[in-house]
Amino acid sequence: MVNTPIGDRYNQLITGNDFCRILFPQPQTNPHKIDFLMNLNEATKLIEFRRTVKPIDMDGQPNYSDQLVSQATIEQLLSNANWAPTHGLTEPWRFTVYQGESLTELAQFLRQTYTEHTPEELFKEAKRDKMASYAENTQVAIVLGMERHPGKIPAEEEVIAVACAVQNLHLSAAAAGLGGFWSTAPIYDLPTTRVHFGFAGEDDRCLGIFYIGYPKNDWPERKRGAPKPVQDKITWR
């Protein structure tokens with residue numbers, strides 16, 4: 001269980017497991033049944049608990065506390081990301097991690113890159129400053145790369161695999177009481193930006209930056225409440 005104030009709320013959401021096991025009994029005749037530590041109800045609660053928590057709030061104020069994220073926690077999050085599904089077992093996800101003083105360098109790089117590569121008619125100083133502020137107010141920034149394996153798997157499927165890895169990462173962060181935010185912008189995937197982040201292959205991609213930190217404010221409610229009914233998104237045949 002998570003031992004943080006936010007974790008306490010998550011723990012409350014997944015209590016009453018004996019009742020849930022009565023509602024959703026496991027078939028005793030299944031020869032492949034494995035006794036997982038997390039049942040379906042607990043997994044559902046974790047998925048519903050996950051939120052986007054940005055490094056700064058709507059007023060531009062810090063949204064993460066000063067509490068450091070341990071090296072062991074970062075490595076566990078990335079290890080969980082590494083278990084994502086991947087067609088052809090290409091495992092295309094790559095991660096470049098910034099923490100500590102290197103975050104200042106990241107913020108400067110983002111500010112400079114946006115300034116140099118954004119057309120004048122599209123340039124917005126507030127957008128540039130917000131992009132840099134994410135790096136300045138986070139505890140950890142994980143740059144998300146895709147190492148391309150040409151000729152084996154379609155590029156789209158390798159992008160999808162990285163997205164699956166990010167979902168593993170985000171769910172794991174939530175379970176640890178960490179806020180997470182997947183930031184995307186056109187400048188992240190420029191050839192020069194990719195090389196700067198260490199994704200130097202001709203067909204490699206940079207798919208964004210994932211920021212994590214311990215929230216200093218209350219765990220947010222989901223904007224606009226629950227998703228629209230899944231029944232409206234299913235076609236049964």
# chains A, B, ... in the order shown; residues from 1 in each chain; ligands from 1
$ select_by_dssp --residues "region 3-237 of chain A" --states "alpha helix (DSSP H)" --output "JSON, numbers by chain"
{"A": [5, 6, 7, 8, 9, 10, 11, 12, 13, 17, 18, 19, 20, 21, 22, 23, 40, 41, 42, 43, 44, 45, 46, 47, 48, 49, 71, 72, 73, 74, 75, 76, 77, 78, 79, 80, 81, 102, 103, 104, 105, 106, 107, 108, 109, 110, 111, 112, 113, 114, 115, 116, 117, 125, 126, 127, 128, 129, 130, 131, 132, 133, 134, 135, 136, 155, 156, 157, 158, 159, 160, 161, 162, 163, 164, 165, 166, 167, 168, 169, 170, 171, 172, 173, 174, 175, 191, 192, 193, 194, 195, 196, 197]}
$ residues_around --residues "Ile74 (chain A)" --least-positions-apart "3" --cutoff "12 Å" --atoms "only C-alpha atoms" --output "list in words"
Leu68, Val69, Ser70, Gln71, Leu77, Leu78, Ser79, Asn80, Ala81, Phe95, Thr96, Val97, Tyr98, Gln99, Gln139, Val140, Ala141, Ile142, Leu169, His170, Ser172, Ala173, Ala176, Leu178, Phe210, Tyr211, Ile212 and Gly213 of chain A
$ write_last_selection --atoms "C-alpha atoms" --output "mmCIF file, in the first residue's frame"
data_model
loop_
_atom_site.group_PDB
_atom_site.id
_atom_site.type_symbol
_atom_site.label_atom_id
_atom_site.label_comp_id
_atom_site.auth_asym_id
_atom_site.auth_seq_id
_atom_site.Cartn_x
_atom_site.Cartn_y
_atom_site.Cartn_z
ATOM 1 C CA LEU A 68 12.617 14.362 -3.747
ATOM 2 C CA VAL A 69 11.674 11.295 -5.748
ATOM 3 C CA SER A 70 14.141 8.573 -4.846
ATOM 4 C CA GLN A 71 16.342 6.900 -7.419
ATOM 5 C CA LEU A 77 8.529 3.269 -12.451
ATOM 6 C CA LEU A 78 10.692 2.776 -15.537
ATOM 7 C CA SER A 79 10.942 -0.951 -14.889
ATOM 8 C CA ASN A 80 7.154 -1.099 -14.875
ATOM 9 C CA ALA A 81 7.070 0.897 -18.119
ATOM 10 C CA PHE A 95 14.042 7.208 -21.607
ATOM 11 C CA THR A 96 16.332 10.140 -20.873
ATOM 12 C CA VAL A 97 15.985 11.205 -17.235
ATOM 13 C CA TYR A 98 16.591 14.710 -15.903
ATOM 14 C CA GLN A 99 16.711 15.473 -12.187
ATOM 15 C CA GLN A 139 11.361 16.834 -9.436
ATOM 16 C CA VAL A 140 11.942 14.517 -12.394
ATOM 17 C CA ALA A 141 11.570 14.894 -16.163
ATOM 18 C CA ILE A 142 11.584 11.738 -18.288
ATOM 19 C CA LEU A 169 4.538 4.643 -16.034
ATOM 20 C CA HIS A 170 1.603 6.924 -15.212
ATOM 21 C CA SER A 172 2.729 3.311 -11.364
ATOM 22 C CA ALA A 173 3.334 6.954 -10.474
ATOM 23 C CA ALA A 176 3.252 5.760 -5.540
ATOM 24 C CA LEU A 178 3.155 10.868 -7.477
ATOM 25 C CA PHE A 210 6.789 12.967 -18.655
ATOM 26 C CA TYR A 211 7.027 15.061 -15.493
ATOM 27 C CA ILE A 212 6.609 13.592 -12.004
ATOM 28 C CA GLY A 213 6.607 14.960 -8.477
#
$ closest_residue --among "A:Trp93, A:Phe49, A:Phe109, A:Tyr64" --to "Pro215 (chain A)" --atoms "only C-alpha atoms"
A:Tyr64
$ closest_residue --among "A:Glu75, A:Asp232, A:Glu101, A:Asp203" --to "Asn137 (chain A)" --atoms "only C-alpha atoms"
A:Glu101
$ residues_around --residues "Tyr114 (chain A)" --least-positions-apart "6" --cutoff "12 Å" --atoms "only C-alpha atoms" --output "ChimeraX atom specification"
/A:107-108,120,122-132,185-190,192-193
$ write_last_selection --atoms "C-alpha atoms" --output "mmCIF file, in the first residue's frame"
data_model
loop_
_atom_site.group_PDB
_atom_site.id
_atom_site.type_symbol
_atom_site.label_atom_id
_atom_site.label_comp_id
_atom_site.auth_asym_id
_atom_site.auth_seq_id
_atom_site.Cartn_x
_atom_site.Cartn_y
_atom_site.Cartn_z
ATOM 1 C CA ALA A 107 14.440 24.402 -19.131
ATOM 2 C CA GLN A 108 17.016 26.549 -20.916
ATOM 3 C CA GLU A 120 6.905 34.395 -35.776
ATOM 4 C CA LEU A 122 2.866 31.219 -34.087
ATOM 5 C CA PHE A 123 5.272 32.412 -31.396
ATOM 6 C CA LYS A 124 3.709 32.923 -27.949
ATOM 7 C CA GLU A 125 5.955 34.067 -25.132
ATOM 8 C CA ALA A 126 3.551 32.714 -22.507
ATOM 9 C CA LYS A 127 3.638 29.264 -24.105
ATOM 10 C CA ARG A 128 7.447 29.294 -24.207
ATOM 11 C CA ASP A 129 7.662 30.303 -20.555
ATOM 12 C CA LYS A 130 5.134 27.689 -19.481
ATOM 13 C CA MET A 131 7.057 24.961 -21.309
ATOM 14 C CA ALA A 132 10.254 25.948 -19.499
ATOM 15 C CA ALA A 185 4.877 19.859 -28.299
ATOM 16 C CA PRO A 186 6.116 20.002 -31.915
ATOM 17 C CA ILE A 187 9.592 21.151 -30.859
ATOM 18 C CA TYR A 188 10.160 17.908 -28.931
ATOM 19 C CA ASP A 189 10.267 15.908 -32.151
ATOM 20 C CA LEU A 190 12.564 18.150 -34.177
ATOM 21 C CA THR A 192 17.992 18.491 -33.479
ATOM 22 C CA THR A 193 15.904 17.975 -30.344
#
$ select_by_dssp --residues "region 46-201 of chain A" --states "strand (DSSP E or B)" --output "list in words"
Thr52, Ile56, Pro62, Tyr64, Trp93, Arg94, Phe95, Thr96, Val97, Tyr98, Gln99, Val140, Ala141, Ile142, Val143, Leu144, Gly145, Met146, Gly179, Gly180, Phe181, Trp182 and Ser183 of chain A
$ closest_residue --among "A:Gly225, A:Pro191, A:Gly179, A:Gly88" --to "Thr113 (chain A)" --atoms "only C-alpha atoms"
A:Pro191
